[in-house]
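Please read the structure below before turning to the comments.
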Amino acid sequence: MYRNIRTFIRPEIKFAGLIFENPALLLLLEHFGIIDEVHDKTVSGICKENGISETVFMSFANLYNGFHQTSGNSYQFSDIPSIIRFLGNSHAYFRNEKYPEIYSYLKQLGETNPEAEIKLISRFFDEYFVEVTDHLDYEENIAFPYILGLTAEDGGAVANSSFSAREFLDHHTDIESKLTDLKNLLIRHVPLKHDPVNRRKLLFSLIELEFVMNIHSLIEESILVPLVIDLEKSLNRG
């Protein structure tokens with residue numbers, strides 16, 4: 001069903017073949033705002049056509065393929081807006097697609113399995129998503145505007161604010177681990193006598209959310225924050 005061995009993505013590789021190998025790369029394209037057909041375009045061709053840095057695109061794509069290699073990559077300050085745009089589109093995916101999808105599976109399971117444990121899982125997920133929403137709001141309303149302000153022509157003025165990239169990193173919470181707890185509850189401890197189809201769909205959806213959440217955090221912690229710290233230093237904020 002799934003291929004465990006995936007290609008390390010390079011500029012000359014045709015992207016269509018990569019999608020067949022890992023369909024999750026379609027989500028990568030969406031988050032970059034790329035909606036056109038890939039045809040026989042190479043990775044390099046897609047980047048040039050859409051004005052995206054090859055370094056950023058390939059780093060993110062390789063995260064989707066299971067390769068975490070940020071050392072040796074040469075990120076530029078000019079890459080920051082496209083990184084923020086990617087992360088912002090990821091937020092919309094979390095809010096508008098994954099949460100409603102998971103909630104609908106939980107609701108259907110609750111209708112066919114009246115056990116108290118189902119209500120417990122639904123409450124657990126609601127509390128989890130409140131935390132996620134607070135985290136996304138913080139990024140969208142505080143962290144991202146500050147970071148984009150640094151890249152503007154008058155970035156030095158923003159750099160004099162009390163906020164910093166290190167504060168953003170300190171604020172970062174481990175919201176992914178709670179998804180692991182939720183999966184464990186569902187698999188190990190919740191008696192589901194009915195509706196195994198929705199249980200499977202729910203589990204698959206949770207696994208997908210956990211996967212993209214982990215990538216989201218890696219991008220912020222391993223790529224964006226170090227880049228912004230360097231930018232702050234260049235603006236005499238270090």
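Identifiers for the structure tokens are assigned positionally: chains receive A, B, ... in sequence, residues are indexed from 1 per chain, and ligands are indexed from 1 in the order shown.
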Please build the interface table for stretch 32-108 of chain A against stretch 119-138 of chain A with a cut-off of 9 Å, listing for each qualifying residue the nearest atom pair and the distance in Å to one decimal; count only C-alpha atoms, order rows by chain and increasing number, and write it as a Markdown table.
```
| residue | atom | partner | partner_atom | distance |
| --- | --- | --- | --- | --- |
| A:Gly88 | CA | A:Leu136 | CA | 8.8 |
| A:His91 | CA | A:Leu136 | CA | 6.7 |
| A:Phe94 | CA | A:Val132 | CA | 8.9 |
| A:Arg95 | CA | A:Thr133 | CA | 7.8 |
| A:Tyr99 | CA | A:Phe129 | CA | 7.7 |
| A:Ile102 | CA | A:Phe125 | CA | 8.9 |
| A:Tyr103 | CA | A:Ser122 | CA | 7.7 |
| A:Leu106 | CA | A:Ser122 | CA | 6.2 |
| A:Lys107 | CA | A:Ser122 | CA | 7.9 |
```
Stretch 107-224 of chain A: residues DSSP assigns to helix (DSSP H, G or I), reported as a VMD selection string: chain A and resid 107 to 112 116 to 151 155 to 158 165 to 171 176 to 189 196 to 224
Against stretch 6-12 of chain A, which residues of stretch 39-140 of chain A fall within 10 Å? For each one I want the closest pair of atoms and the distance in Å (one decimal), counting only C-alpha atoms, rows by chain and increasing residue number, as JSON lines.
```
{"residue": "A:Lys41", "atom": "CA", "partner": "A:Glu12", "partner_atom": "CA", "distance": 9.1}
{"residue": "A:Thr42", "atom": "CA", "partner": "A:Glu12", "partner_atom": "CA", "distance": 5.6}
{"residue": "A:Val43", "atom": "CA", "partner": "A:Pro11", "partner_atom": "CA", "distance": 4.9}
{"residue": "A:Ser44", "atom": "CA", "partner": "A:Pro11", "partner_atom": "CA", "distance": 4.6}
{"residue": "A:Gly45", "atom": "CA", "partner": "A:Pro11", "partner_atom": "CA", "distance": 8.1}
{"residue": "A:Ile46", "atom": "CA", "partner": "A:Pro11", "partner_atom": "CA", "distance": 9.4}
{"residue": "A:Cys47", "atom": "CA", "partner": "A:Pro11", "partner_atom": "CA", "distance": 8.9}
{"residue": "A:Glu54", "atom": "CA", "partner": "A:Pro11", "partner_atom": "CA", "distance": 7.2}
{"residue": "A:Thr55", "atom": "CA", "partner": "A:Pro11", "partner_atom": "CA", "distance": 9.2}
{"residue": "A:Phe57", "atom": "CA", "partner": "A:Pro11", "partner_atom": "CA", "distance": 9.6}
{"residue": "A:Met58", "atom": "CA", "partner": "A:Ile9", "partner_atom": "CA", "distance": 6.3}
{"residue": "A:Ser59", "atom": "CA", "partner": "A:Ile9", "partner_atom": "CA", "distance": 8.5}
{"residue": "A:Phe60", "atom": "CA", "partner": "A:Ile9", "partner_atom": "CA", "distance": 9.8}
{"residue": "A:Ala61", "atom": "CA", "partner": "A:Ile9", "partner_atom": "CA", "distance": 7.1}
{"residue": "A:Asn62", "atom": "CA", "partner": "A:Ile9", "partner_atom": "CA", "distance": 6.0}
{"residue": "A:Leu63", "atom": "CA", "partner": "A:Phe8", "partner_atom": "CA", "distance": 9.5}
{"residue": "A:Tyr64", "atom": "CA", "partner": "A:Arg6", "partner_atom": "CA", "distance": 9.7}
{"residue": "A:Asn65", "atom": "CA", "partner": "A:Arg6", "partner_atom": "CA", "distance": 6.0}
{"residue": "A:Gly66", "atom": "CA", "partner": "A:Arg6", "partner_atom": "CA", "distance": 7.7}
{"residue": "A:Phe67", "atom": "CA", "partner": "A:Phe8", "partner_atom": "CA", "distance": 7.1}
```
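Each of A:Pro81, A:Gly51, A:Pro100, A:Pro226 was checked against A:Leu209 using only C-alpha atoms; the smallest atom-to-atom distance is that of A:Pro100.
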Atom CA of A:Glu232 to atom CA of A:Ile142 measures 16.1 Å
